[in-house]
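Asker: Provided below: query-v5.tsv, containing TSV, C-alpha atoms and all ligand atoms.
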```
chain	number	residue	atom	x	y	z
T	128	MET	CA	-26.15	-3.60	-29.62
T	129	MET	CA	-29.85	-3.74	-30.33
T	130	GLU	CA	-29.55	-0.79	-32.71
T	131	LEU	CA	-26.74	-2.38	-34.66
T	132	PHE	CA	-27.43	-6.09	-34.59
T	133	ASP	CA	-30.22	-8.62	-34.31
T	134	THR	CA	-29.61	-9.07	-30.59
T	135	ARG	CA	-30.89	-11.61	-28.09
T	136	LEU	CA	-30.27	-10.43	-24.53
T	137	ASN	CA	-29.92	-12.19	-21.23
T	138	ASP	CA	-31.38	-9.24	-19.43
T	139	ASP	CA	-31.71	-10.39	-15.84
T	140	ASP	CA	-27.94	-10.11	-15.11
T	141	ARG	CA	-27.73	-13.74	-13.90
T	142	PRO	CA	-25.36	-16.22	-15.55
T	143	MET	CA	-27.03	-18.33	-18.21
T	144	GLY	CA	-27.41	-22.06	-17.48
T	145	ARG	CA	-25.51	-24.71	-19.50
T	146	ASP	CA	-28.58	-25.48	-21.63
T	147	GLU	CA	-29.17	-21.81	-22.39
T	148	LEU	CA	-25.52	-21.35	-23.36
T	149	ALA	CA	-25.63	-24.43	-25.59
T	150	GLU	CA	-28.76	-23.08	-27.24
T	151	ALA	CA	-27.10	-19.68	-27.76
T	152	VAL	CA	-23.96	-21.06	-29.43
T	153	LYS	CA	-26.10	-23.21	-31.74
T	154	SER	CA	-27.88	-20.25	-33.24
T	155	ALA	CA	-25.71	-17.13	-32.80
T	156	ASP	CA	-23.06	-15.66	-35.10
T	157	VAL	CA	-21.53	-13.84	-32.16
T	158	LEU	CA	-21.62	-14.77	-28.49
T	159	VAL	CA	-21.05	-12.13	-25.80
T	160	PRO	CA	-20.29	-14.00	-22.59
T	161	THR	CA	-18.77	-12.72	-19.38
T	162	LEU	CA	-16.57	-14.28	-16.75
T	163	THR	CA	-19.38	-16.26	-15.10
T	164	ASP	CA	-20.17	-18.12	-18.35
T	165	ARG	CA	-18.01	-21.21	-18.77
T	166	ILE	CA	-17.40	-21.57	-22.51
T	167	ASP	CA	-15.58	-24.89	-22.44
T	168	LYS	CA	-14.92	-27.58	-25.03
T	169	ALA	CA	-18.29	-29.22	-24.43
T	170	ILE	CA	-20.20	-25.99	-25.05
T	171	LEU	CA	-18.09	-25.15	-28.10
T	172	ALA	CA	-18.67	-28.65	-29.49
T	173	GLN	CA	-22.36	-27.75	-29.76
T	174	ALA	CA	-21.69	-24.49	-31.63
T	175	GLY	CA	-23.33	-24.06	-34.99
T	176	GLU	CA	-21.35	-23.31	-38.15
T	177	SER	CA	-22.39	-19.67	-37.90
T	178	LEU	CA	-20.59	-18.99	-34.60
T	179	ARG	CA	-17.47	-17.07	-35.61
T	180	LEU	CA	-16.83	-14.59	-32.78
T	181	ILE	CA	-16.84	-14.68	-29.00
T	182	ALA	CA	-16.74	-11.03	-27.90
T	183	ASN	CA	-16.13	-11.36	-24.19
T	184	PHE	CA	-17.45	-8.65	-21.85
T	185	GLY	CA	-14.40	-8.49	-19.58
T	186	THR	CA	-10.64	-8.74	-19.74
T	187	GLY	CA	-9.97	-12.18	-18.23
T	188	VAL	CA	-10.64	-15.03	-20.65
T	189	ASP	CA	-9.87	-18.00	-18.40
T	190	HIS	CA	-13.52	-19.09	-18.62
T	191	ILE	CA	-13.15	-19.67	-22.36
T	192	ASP	CA	-11.34	-22.67	-23.84
T	193	LEU	CA	-9.16	-20.67	-26.23
T	194	ALA	CA	-7.63	-23.72	-27.88
T	195	ALA	CA	-11.05	-25.25	-28.61
T	196	ALA	CA	-12.25	-21.91	-29.99
T	197	ARG	CA	-9.22	-21.67	-32.26
T	198	GLU	CA	-9.72	-25.24	-33.49
T	199	ARG	CA	-13.24	-24.31	-34.53
T	200	GLY	CA	-12.05	-21.11	-36.20
T	201	VAL	CA	-13.84	-18.92	-33.65
T	202	THR	CA	-12.15	-15.57	-32.88
T	203	VAL	CA	-12.13	-14.45	-29.23
T	204	THR	CA	-11.94	-10.80	-28.17
T	205	ASN	CA	-11.89	-9.15	-24.75
T	206	THR	CA	-11.99	-5.63	-23.27
T	207	PRO	CA	-8.45	-4.75	-22.19
T	208	GLY	CA	-7.38	-1.35	-20.93
T	209	VAL	CA	-10.71	0.00	-19.74
T	210	LEU	CA	-10.62	-1.70	-16.31
T	211	THR	CA	-7.03	-0.79	-15.55
T	212	GLU	CA	-7.39	2.30	-13.39
T	213	ASP	CA	-10.43	1.02	-11.48
T	214	THR	CA	-8.77	-2.29	-10.66
T	215	ALA	CA	-5.54	-0.55	-9.64
T	216	ASP	CA	-7.57	1.73	-7.33
T	217	MET	CA	-9.19	-1.26	-5.67
T	218	THR	CA	-5.85	-3.02	-5.28
T	219	MET	CA	-4.44	0.05	-3.55
T	220	ALA	CA	-7.56	0.20	-1.36
T	221	LEU	CA	-6.99	-3.42	-0.30
T	222	ILE	CA	-3.33	-2.77	0.45
T	223	LEU	CA	-4.24	0.18	2.66
T	224	ASP	CA	-7.04	-1.75	4.30
T	225	VAL	CA	-4.96	-4.79	5.19
T	226	ILE	CA	-1.89	-2.89	6.38
T	227	ARG	CA	-3.83	-0.24	8.34
T	228	ARG	CA	-6.71	-2.49	9.45
T	229	VAL	CA	-9.42	-0.24	8.01
T	230	SER	CA	-12.16	-2.88	7.81
T	231	GLN	CA	-11.28	-4.27	11.23
T	232	GLY	CA	-11.71	-0.79	12.70
T	233	GLU	CA	-14.99	-0.34	10.89
T	234	ARG	CA	-16.26	-3.68	12.19
T	235	LEU	CA	-15.27	-2.70	15.72
T	236	ILE	CA	-17.28	0.53	15.59
T	237	ARG	CA	-20.33	-1.29	14.28
T	238	SER	CA	-20.03	-3.97	16.96
T	239	GLY	CA	-20.60	-1.27	19.59
T	240	GLU	CA	-17.55	-2.50	21.49
T	241	TRP	CA	-15.18	0.40	20.92
T	242	SER	CA	-14.21	1.82	24.29
T	243	GLY	CA	-12.10	4.76	23.07
T	244	TRP	CA	-8.59	5.66	21.89
T	245	SER	CA	-5.57	4.12	23.53
T	246	PRO	CA	-1.89	4.20	22.51
T	247	THR	CA	-1.68	0.53	21.58
T	248	HIS	CA	-5.12	0.13	20.08
T	249	MET	CA	-5.61	-1.06	16.47
T	250	LEU	CA	-1.96	-0.80	15.53
T	251	GLY	CA	-1.23	-1.57	11.93
T	252	HIS	CA	1.97	-0.91	10.04
T	253	ARG	CA	3.43	2.11	8.26
T	254	LEU	CA	3.09	1.78	4.50
T	255	TRP	CA	5.77	4.35	3.66
T	256	GLY	CA	9.10	2.66	2.97
T	257	LYS	CA	7.76	-0.88	2.62
T	258	ARG	CA	8.52	-3.13	-0.37
T	259	LEU	CA	5.70	-4.00	-2.77
T	260	GLY	CA	6.22	-7.01	-5.06
T	261	ILE	CA	3.92	-7.02	-8.08
T	262	VAL	CA	3.39	-10.39	-9.74
T	263	GLY	CA	2.52	-9.53	-13.36
T	264	MET	CA	3.55	-6.08	-14.56
T	265	GLY	CA	1.01	-5.54	-17.32
T	266	ARG	CA	-1.38	-2.60	-17.51
T	267	ILE	CA	-2.90	-3.10	-14.05
T	268	GLY	CA	0.41	-3.89	-12.36
T	269	SER	CA	1.93	-0.72	-13.83
T	270	ALA	CA	-1.07	1.41	-12.81
T	271	LEU	CA	-0.75	0.00	-9.30
T	272	ALA	CA	2.98	0.82	-9.27
T	273	ARG	CA	2.21	4.47	-10.13
T	274	ARG	CA	-0.21	4.73	-7.22
T	275	ALA	CA	2.00	2.82	-4.80
T	276	ARG	CA	4.96	5.13	-5.39
T	277	GLY	CA	2.79	7.99	-4.14
T	278	PHE	CA	2.37	6.07	-0.88
T	279	GLY	CA	6.14	5.70	-0.49
T	280	LEU	CA	6.31	2.01	-1.37
T	281	SER	CA	9.36	0.74	-3.21
T	282	ILE	CA	8.30	-1.10	-6.33
T	283	HIS	CA	9.51	-4.57	-7.29
T	284	TYR	CA	8.02	-6.84	-9.89
T	285	HIS	CA	8.20	-10.27	-11.43
T	286	ASN	CA	7.10	-10.61	-15.02
T	287	ARG	CA	7.95	-13.03	-17.80
T	288	ARG	CA	9.62	-10.18	-19.62
T	289	GLN	CA	11.52	-7.29	-18.11
T	290	LEU	CA	9.99	-3.88	-18.89
T	291	PRO	CA	11.93	-1.58	-21.23
T	292	ASP	CA	14.35	0.80	-19.47
T	293	HIS	CA	12.15	3.89	-19.84
T	294	ALA	CA	9.16	2.12	-18.25
T	295	GLU	CA	11.26	0.80	-15.36
T	296	GLN	CA	12.63	4.28	-14.79
T	297	GLU	CA	9.20	5.91	-14.89
T	298	LEU	CA	7.87	3.42	-12.32
T	299	GLU	CA	11.15	3.25	-10.39
T	300	ALA	CA	10.60	-0.49	-10.49
T	301	THR	CA	13.08	-3.32	-9.91
T	302	TRP	CA	12.66	-6.51	-11.95
T	303	TRP	CA	13.17	-9.88	-10.30
T	304	GLU	CA	13.76	-12.66	-12.77
T	305	SER	CA	13.22	-15.16	-9.96
T	306	LEU	CA	9.75	-15.05	-8.42
T	307	ASP	CA	11.03	-17.13	-5.48
T	308	GLN	CA	13.70	-14.60	-4.63
T	309	MET	CA	11.30	-11.68	-4.87
T	310	LEU	CA	8.67	-13.35	-2.68
T	311	ALA	CA	11.17	-13.91	0.12
T	312	ARG	CA	12.05	-10.22	0.35
T	313	MET	CA	8.73	-8.36	0.04
T	314	ASP	CA	6.42	-6.82	2.65
T	315	ILE	CA	3.38	-6.87	0.37
T	316	ILE	CA	2.68	-9.06	-2.64
T	317	SER	CA	0.06	-8.06	-5.20
T	318	VAL	CA	-1.17	-10.58	-7.76
T	319	ASN	CA	-1.84	-8.85	-11.08
T	320	CYS	CA	-1.16	-11.52	-13.70
T	321	PRO	CA	-3.95	-13.24	-15.65
T	322	HIS	CA	-5.00	-16.77	-14.83
T	323	THR	CA	-3.71	-19.08	-17.56
T	324	PRO	CA	-2.63	-22.74	-17.42
T	325	ALA	CA	0.89	-21.40	-16.71
T	326	THR	CA	-0.16	-19.24	-13.74
T	327	PHE	CA	-2.54	-21.71	-12.03
T	328	HIS	CA	-1.30	-21.89	-8.41
T	329	LEU	CA	1.73	-19.79	-9.33
T	330	LEU	CA	1.73	-18.91	-5.66
T	331	SER	CA	1.86	-22.55	-4.61
T	332	ALA	CA	2.19	-23.86	-1.05
T	333	ARG	CA	5.95	-24.08	-1.58
T	334	ARG	CA	6.21	-20.48	-2.78
T	335	LEU	CA	3.91	-19.12	-0.07
T	336	LYS	CA	6.30	-20.59	2.48
T	337	LEU	CA	9.01	-18.28	1.10
T	338	LEU	CA	7.11	-15.20	2.29
T	339	LYS	CA	8.16	-13.37	5.43
T	340	PRO	CA	5.65	-14.05	8.24
T	341	THR	CA	5.04	-10.28	8.36
T	342	ALA	CA	4.08	-10.13	4.67
T	343	ALA	CA	0.59	-9.50	3.31
T	344	ILE	CA	-0.93	-10.69	0.01
T	345	VAL	CA	-3.43	-8.85	-2.13
T	346	ASN	CA	-5.23	-10.42	-5.09
T	347	THR	CA	-7.47	-8.58	-7.56
T	348	SER	CA	-6.73	-10.89	-10.51
T	349	ARG	CA	-8.06	-14.42	-10.22
T	350	GLY	CA	-8.31	-16.71	-7.20
T	351	GLU	CA	-6.78	-19.61	-9.11
T	352	VAL	CA	-3.35	-17.95	-9.20
T	353	ILE	CA	-2.93	-18.65	-5.45
T	354	ASP	CA	-3.24	-22.03	-3.74
T	355	GLU	CA	-6.09	-20.73	-1.60
T	356	GLN	CA	-6.16	-23.65	0.82
T	357	ALA	CA	-2.47	-23.33	1.58
T	358	MET	CA	-2.78	-19.55	1.96
T	359	THR	CA	-5.74	-19.90	4.33
T	360	ARG	CA	-3.84	-22.42	6.46
T	361	MET	CA	-0.85	-20.09	6.66
T	362	LEU	CA	-2.95	-17.02	7.47
T	363	LYS	CA	-4.58	-18.96	10.30
T	364	ALA	CA	-1.21	-20.13	11.60
T	365	GLY	CA	0.23	-16.58	11.48
T	366	GLU	CA	2.76	-17.59	8.80
T	367	ILE	CA	1.36	-14.83	6.55
T	368	ALA	CA	0.31	-11.63	8.30
T	369	GLY	CA	-2.75	-10.67	6.24
T	370	ALA	CA	-4.56	-10.80	2.92
T	371	GLY	CA	-6.83	-8.60	0.85
T	372	LEU	CA	-8.82	-10.71	-1.58
T	373	ASP	CA	-11.23	-9.53	-4.26
T	374	VAL	CA	-11.22	-12.91	-6.03
T	375	PHE	CA	-11.47	-16.53	-4.91
T	376	GLU	CA	-10.53	-19.90	-6.28
T	377	HIS	CA	-14.11	-21.22	-6.29
T	378	GLU	CA	-16.08	-17.97	-6.37
T	379	PRO	CA	-18.77	-17.12	-5.58
T	380	ALA	CA	-18.07	-19.75	-2.88
T	381	VAL	CA	-15.67	-18.43	-0.26
T	382	ASN	CA	-13.73	-20.82	1.94
T	383	PRO	CA	-15.50	-20.62	5.36
T	384	LYS	CA	-12.10	-20.76	7.04
T	385	LEU	CA	-11.22	-17.43	5.38
T	386	LEU	CA	-14.45	-15.91	6.66
T	387	ALA	CA	-13.43	-16.78	10.18
T	388	LEU	CA	-10.11	-14.90	10.00
T	389	GLY	CA	-9.72	-11.33	11.29
T	390	ASN	CA	-6.56	-10.55	9.31
T	391	VAL	CA	-8.18	-10.78	5.88
T	392	VAL	CA	-10.28	-8.32	3.91
T	393	LEU	CA	-12.74	-10.01	1.56
T	394	LEU	CA	-14.47	-8.32	-1.36
T	395	PRO	CA	-16.96	-9.79	-3.87
T	396	HIS	CA	-14.94	-9.45	-7.12
T	397	MET	CA	-15.65	-5.74	-7.44
T	398	GLY	CA	-12.25	-4.47	-8.61
T	399	SER	CA	-13.60	-3.21	-11.92
T	400	ALA	CA	-17.09	-2.38	-10.68
T	401	THR	CA	-17.54	1.25	-11.72
T	402	ILE	CA	-20.30	2.59	-13.93
T	403	GLU	CA	-17.71	4.25	-16.18
T	404	GLY	CA	-15.77	1.00	-16.54
T	405	ARG	CA	-18.84	-1.06	-17.42
T	406	ILE	CA	-19.89	1.46	-20.09
T	407	ASP	CA	-16.38	1.42	-21.58
T	408	MET	CA	-16.41	-2.38	-21.55
T	409	GLY	CA	-19.72	-2.43	-23.40
T	410	GLU	CA	-18.39	-0.01	-26.00
T	411	LYS	CA	-15.33	-2.16	-26.55
T	412	VAL	CA	-17.52	-5.21	-27.08
T	413	ILE	CA	-19.56	-3.32	-29.66
T	414	ILE	CA	-16.44	-2.06	-31.47
T	415	ASN	CA	-15.09	-5.61	-31.64
T	416	ILE	CA	-18.33	-6.99	-33.05
T	417	LYS	CA	-18.86	-4.16	-35.50
T	418	THR	CA	-15.29	-4.35	-36.81
T	419	TYR	CA	-15.69	-8.08	-37.29
T	420	ALA	CA	-19.11	-7.67	-38.93
T	421	ASP	CA	-17.61	-5.14	-41.33
T	422	GLY	CA	-15.10	-7.75	-42.47
T	423	HIS	CA	-12.02	-6.56	-40.53
T	424	LYS	CA	-9.99	-8.10	-37.75
T	425	PRO	CA	-11.45	-6.95	-34.41
T	426	PRO	CA	-8.94	-4.88	-32.37
T	427	ASP	CA	-8.97	-6.91	-29.15
T	428	ARG	CA	-8.25	-10.45	-30.35
T	429	VAL	CA	-6.81	-12.57	-27.55
T	430	ILE	CA	-6.46	-16.01	-28.96
T	431	ASP	CA	-2.99	-15.59	-30.43
T	432	THR	CA	-1.43	-13.61	-27.61
T	433	LEU	CA	-2.33	-15.97	-24.79
T	434	LEU	CA	-1.74	-19.37	-26.32
C	1	LIG	C1	-12.39	-9.06	-15.92
C	1	LIG	O1	-12.78	-8.30	-16.78
C	1	LIG	O2	-11.85	-10.12	-16.19
C	1	LIG	C2	-12.51	-8.65	-14.50
C	1	LIG	O3	-12.13	-9.66	-13.64
C	1	LIG	C3	-13.91	-8.18	-14.18
C	1	LIG	O4	-13.81	-7.57	-12.94
```
Could you write out this file's structure as structure tokens?
Answerer:
Amino acid sequence: MMELFDTRLNDDDRPMGRDELAEAVKSADVLVPTLTDRIDKAILAQAGESLRLIANFGTGVDHIDLAAARERGVTVTNTPGVLTEDTADMTMALILDVIRRVSQGERLIRSGEWSGWSPTHMLGHRLWGKRLGIVGMGRIGSALARRARGFGLSIHYHNRRQLPDHAEQELEATWWESLDQMLARMDIISVNCPHTPATFHLLSARRLKLLKPTAAIVNTSRGEVIDEQAMTRMLKAGEIAGAGLDVFEHEPAVNPKLLALGNVVLLPHMGSATIEGRIDMGEKVIINIKTYADGHKPPDRVIDTLL
């Protein structure tokens, strides 16, 4: 970016404060935020006339007020596609971990309290033959389905739109128009839809109650899609069997009640954290800015698709 543009960097990798963000939008033509920068109405209200593009470093754009950006004529772009395989890998890792108790076993070894093999020790469940329900069958959901088939899971999904026949056949996936009906029949639920006003608490307390008590939930999307308090209560009460969470409703704060539970695996939002992925994200950001600066429409505009 420094070769191509007159660039001001936030080079210590910590989120900028509100004042710093306000200062940046006042003077910049292009802002490159990431998911820890809240670009809300109040920040956008302070933007100078020159701000025309927000080129987000990341796929999720729920930290940006898209409507306010559109009102001000500011284009928003993101970095779709380049995090897909890494996030799907991490989702599969969480599924395996929760169902086969990988982290619990690891913690036991480190505690020094392992007294040896026994027939009933550390029993998890067989993955092969179980039903996986994917909430949101976009790029990441589909990449997860491909992996999960290799582990013998049967693939079910809920999505606003049914996939075309050829895609359903390739993934051997069954579409459920009703999320409620799908939830009630799955062994594992994976959340892979973006967080938008329409998906906030999509897995509400009422819907979580539809799950079988033996079911597990995995979330590598956004914490806000699940009513985290209700889920935590149900995990504690044994009404949901387990959870693998890479994202949290109020991250980086993690509900202390979740920390106290043995049947959950908790990761610090690292689904897309690969060196290759970060480089690809950076390149996408640069392509979006350069295309815009050259007078064309940047390829990864999000404002129209999500509103
Ligand atoms: C994104 O790009 O939105 C991801 O959540 C980063 O991991």
Asker: Find, counting all atoms listed in the file, the residue in T:Met264, T:Leu385, T:Val352, T:Ile170 that gets nearest to Thr323 of chain T.
Answerer: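 Comparing T:Met264, T:Leu385, T:Val352, T:Ile170 against Thr323 of chain T, the winner is T:Val352.
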Asker: Residues within 8 Å of ligand LIG 1 (chain C) should be enumerated using only C-alpha atoms and all ligand atoms and returned as a list of chain:residue names.
Answerer: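 Here is the list of contacting residues: T:Thr161, T:Leu162, T:Phe184, T:Gly185, T:Thr186, T:Gly187, T:Val188, T:Thr206, T:Pro207, T:Leu210, T:Thr214, T:Thr347, T:Ser348, T:Arg349, T:His396, T:Met397, T:Gly398, T:Ser399, T:Ala400.
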Asker: With distances taken over all atoms listed in the file, which residue among T:Gly243, T:Tyr419, T:Asp167, T:Trp303 lies nearest Arg287 of chain T?
Answerer: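 When distances to Arg287 of chain T are compared using all atoms listed in the file, the smallest one comes from T:Trp303.
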Asker: Of the candidates T:Arg199, T:Leu158, T:Lys153, T:Asp146, which one gets nearest to Thr134 of chain T if we count only C-alpha atoms?
Answerer: T:Leu158
Asker: What is the atom CA of Ala300 of chain T to atom CA of Gly369 of chain T distance in Å?
Answerer: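 For atom CA of Ala300 of chain T relative to atom CA of Gly369 of chain T, the distance reads 23.7 Å.
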Asker: Separation of atom CA of His190 of chain T and atom CA of Cys320 of chain T, in Å?
Answerer: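 Between atom CA of His190 of chain T and atom CA of Cys320 of chain T the gap is 15.3 Å.
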Asker: So, counting all atoms listed in the file, which residue among T:Ile261, T:Ile316, T:Ala325, T:Leu335 is closest to Trp302 of chain T?
Answerer: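 Closest to Trp302 of chain T, using all atoms listed in the file: T:Ile261.
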Asker: Go ahead and compute the interatomic distance for atom CA of Ile222 of chain T and atom CA of Ile402 of chain T, in Å to one decimal.
Answerer: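 Rounded to one decimal, the two atoms are 22.9 Å apart.
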Asker: Excluding segment 276-281 of chain T and residues on its chain fewer than 5 positions from it, collect all residues at most 12 Å away from it, counting only C-alpha atoms, and give them as a PDB file with C-alpha atoms, in the frame of the given file.
Answerer:
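That gives us selection-v9.pdb:
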```pdb
ATOM      1  CA  MET T 219      -4.440   0.050  -3.550  1.00  0.00           C
ATOM      2  CA  ALA T 220      -7.560   0.200  -1.360  1.00  0.00           C
ATOM      3  CA  ILE T 222      -3.330  -2.770   0.450  1.00  0.00           C
ATOM      4  CA  LEU T 223      -4.240   0.180   2.660  1.00  0.00           C
ATOM      5  CA  ARG T 253       3.430   2.110   8.260  1.00  0.00           C
ATOM      6  CA  LEU T 254       3.090   1.780   4.500  1.00  0.00           C
ATOM      7  CA  TRP T 255       5.770   4.350   3.660  1.00  0.00           C
ATOM      8  CA  GLY T 256       9.100   2.660   2.970  1.00  0.00           C
ATOM      9  CA  LYS T 257       7.760  -0.880   2.620  1.00  0.00           C
ATOM     10  CA  ARG T 258       8.520  -3.130  -0.370  1.00  0.00           C
ATOM     11  CA  LEU T 259       5.700  -4.000  -2.770  1.00  0.00           C
ATOM     12  CA  GLY T 260       6.220  -7.010  -5.060  1.00  0.00           C
ATOM     13  CA  ILE T 261       3.920  -7.020  -8.080  1.00  0.00           C
ATOM     14  CA  SER T 269       1.930  -0.720 -13.830  1.00  0.00           C
ATOM     15  CA  ALA T 270      -1.070   1.410 -12.810  1.00  0.00           C
ATOM     16  CA  LEU T 271      -0.750   0.000  -9.300  1.00  0.00           C
ATOM     17  CA  GLU T 297       9.200   5.910 -14.890  1.00  0.00           C
ATOM     18  CA  LEU T 298       7.870   3.420 -12.320  1.00  0.00           C
ATOM     19  CA  GLU T 299      11.150   3.250 -10.390  1.00  0.00           C
ATOM     20  CA  ALA T 300      10.600  -0.490 -10.490  1.00  0.00           C
ATOM     21  CA  THR T 301      13.080  -3.320  -9.910  1.00  0.00           C
ATOM     22  CA  TRP T 302      12.660  -6.510 -11.950  1.00  0.00           C
ATOM     23  CA  ARG T 312      12.050 -10.220   0.350  1.00  0.00           C
ATOM     24  CA  MET T 313       8.730  -8.360   0.040  1.00  0.00           C
ATOM     25  CA  ASP T 314       6.420  -6.820   2.650  1.00  0.00           C
ATOM     26  CA  ILE T 315       3.380  -6.870   0.370  1.00  0.00           C
ATOM     27  CA  ILE T 316       2.680  -9.060  -2.640  1.00  0.00           C
TER      28      ILE T 316
END
```
Asker: Go ahead and find all residues with at least one atom no further than 6 Å from (-11.9, -10.3, -1.2) in the file's coordinates, using all atoms listed in the file; report them as JSON, numbers by chain.
Answerer: {"T": [371, 372, 373, 374, 392, 393, 394, 395]}
Asker: Missing atoms in segment 316-331 of chain T need filling: write out N, CA, C and O atoms for it as a PDB file, in the frame of the given file.
Answerer:
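So the final result, stored in rebuild27.pdb, reads:
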```pdb
ATOM      1  N   ILE T 316       2.688  -8.463  -1.299  1.00  0.00           N
ATOM      2  CA  ILE T 316       2.680  -9.060  -2.640  1.00  0.00           C
ATOM      3  C   ILE T 316       1.318  -8.772  -3.263  1.00  0.00           C
ATOM      4  O   ILE T 316       0.280  -8.984  -2.632  1.00  0.00           O
ATOM      5  N   SER T 317       1.322  -8.273  -4.492  1.00  0.00           N
ATOM      6  CA  SER T 317       0.060  -8.060  -5.200  1.00  0.00           C
ATOM      7  C   SER T 317       0.037  -8.933  -6.450  1.00  0.00           C
ATOM      8  O   SER T 317       0.972  -8.905  -7.253  1.00  0.00           O
ATOM      9  N   VAL T 318      -1.040  -9.701  -6.595  1.00  0.00           N
ATOM     10  CA  VAL T 318      -1.170 -10.580  -7.760  1.00  0.00           C
ATOM     11  C   VAL T 318      -1.910  -9.825  -8.860  1.00  0.00           C
ATOM     12  O   VAL T 318      -3.068  -9.446  -8.689  1.00  0.00           O
ATOM     13  N   ASN T 319      -1.239  -9.598  -9.973  1.00  0.00           N
ATOM     14  CA  ASN T 319      -1.840  -8.850 -11.080  1.00  0.00           C
ATOM     15  C   ASN T 319      -1.626  -9.520 -12.426  1.00  0.00           C
ATOM     16  O   ASN T 319      -1.730  -8.855 -13.469  1.00  0.00           O
ATOM     17  N   CYS T 320      -1.316 -10.815 -12.421  1.00  0.00           N
ATOM     18  CA  CYS T 320      -1.160 -11.520 -13.700  1.00  0.00           C
ATOM     19  C   CYS T 320      -2.476 -12.223 -14.036  1.00  0.00           C
ATOM     20  O   CYS T 320      -3.264 -12.516 -13.147  1.00  0.00           O
ATOM     21  N   PRO T 321      -2.722 -12.500 -15.316  1.00  0.00           N
ATOM     22  CA  PRO T 321      -3.950 -13.240 -15.650  1.00  0.00           C
ATOM     23  C   PRO T 321      -3.849 -14.694 -15.218  1.00  0.00           C
ATOM     24  O   PRO T 321      -2.743 -15.207 -15.000  1.00  0.00           O
ATOM     25  N   HIS T 322      -5.001 -15.336 -15.089  1.00  0.00           N
ATOM     26  CA  HIS T 322      -5.000 -16.770 -14.830  1.00  0.00           C
ATOM     27  C   HIS T 322      -4.949 -17.505 -16.165  1.00  0.00           C
ATOM     28  O   HIS T 322      -5.845 -17.364 -17.010  1.00  0.00           O
ATOM     29  N   THR T 323      -3.872 -18.250 -16.357  1.00  0.00           N
ATOM     30  CA  THR T 323      -3.710 -19.080 -17.560  1.00  0.00           C
ATOM     31  C   THR T 323      -3.247 -20.454 -17.045  1.00  0.00           C
ATOM     32  O   THR T 323      -2.910 -20.578 -15.858  1.00  0.00           O
ATOM     33  N   PRO T 324      -3.170 -21.467 -17.918  1.00  0.00           N
ATOM     34  CA  PRO T 324      -2.630 -22.740 -17.420  1.00  0.00           C
ATOM     35  C   PRO T 324      -1.257 -22.556 -16.778  1.00  0.00           C
ATOM     36  O   PRO T 324      -0.910 -23.207 -15.798  1.00  0.00           O
ATOM     37  N   ALA T 325      -0.472 -21.592 -17.261  1.00  0.00           N
ATOM     38  CA  ALA T 325       0.890 -21.400 -16.710  1.00  0.00           C
ATOM     39  C   ALA T 325       0.890 -20.701 -15.356  1.00  0.00           C
ATOM     40  O   ALA T 325       1.865 -20.815 -14.615  1.00  0.00           O
ATOM     41  N   THR T 326      -0.169 -19.963 -15.028  1.00  0.00           N
ATOM     42  CA  THR T 326      -0.160 -19.240 -13.740  1.00  0.00           C
ATOM     43  C   THR T 326      -1.075 -19.883 -12.700  1.00  0.00           C
ATOM     44  O   THR T 326      -1.216 -19.345 -11.602  1.00  0.00           O
ATOM     45  N   PHE T 327      -1.710 -21.021 -13.034  1.00  0.00           N
ATOM     46  CA  PHE T 327      -2.540 -21.710 -12.030  1.00  0.00           C
ATOM     47  C   PHE T 327      -1.661 -22.075 -10.828  1.00  0.00           C
ATOM     48  O   PHE T 327      -0.602 -22.679 -10.993  1.00  0.00           O
ATOM     49  N   HIS T 328      -2.066 -21.648  -9.642  1.00  0.00           N
ATOM     50  CA  HIS T 328      -1.300 -21.890  -8.410  1.00  0.00           C
ATOM     51  C   HIS T 328       0.168 -21.455  -8.539  1.00  0.00           C
ATOM     52  O   HIS T 328       1.065 -22.124  -8.025  1.00  0.00           O
ATOM     53  N   LEU T 329       0.366 -20.347  -9.244  1.00  0.00           N
ATOM     54  CA  LEU T 329       1.730 -19.790  -9.330  1.00  0.00           C
ATOM     55  C   LEU T 329       2.244 -19.535  -7.905  1.00  0.00           C
ATOM     56  O   LEU T 329       3.402 -19.800  -7.590  1.00  0.00           O
ATOM     57  N   LEU T 330       1.370 -19.022  -7.067  1.00  0.00           N
ATOM     58  CA  LEU T 330       1.730 -18.910  -5.660  1.00  0.00           C
ATOM     59  C   LEU T 330       1.290 -20.210  -4.976  1.00  0.00           C
ATOM     60  O   LEU T 330       0.222 -20.307  -4.382  1.00  0.00           O
ATOM     61  N   SER T 331       2.122 -21.212  -5.137  1.00  0.00           N
ATOM     62  CA  SER T 331       1.860 -22.550  -4.610  1.00  0.00           C
ATOM     63  C   SER T 331       2.182 -22.586  -3.122  1.00  0.00           C
ATOM     64  O   SER T 331       2.765 -21.631  -2.587  1.00  0.00           O
TER      65      SER T 331
END
```
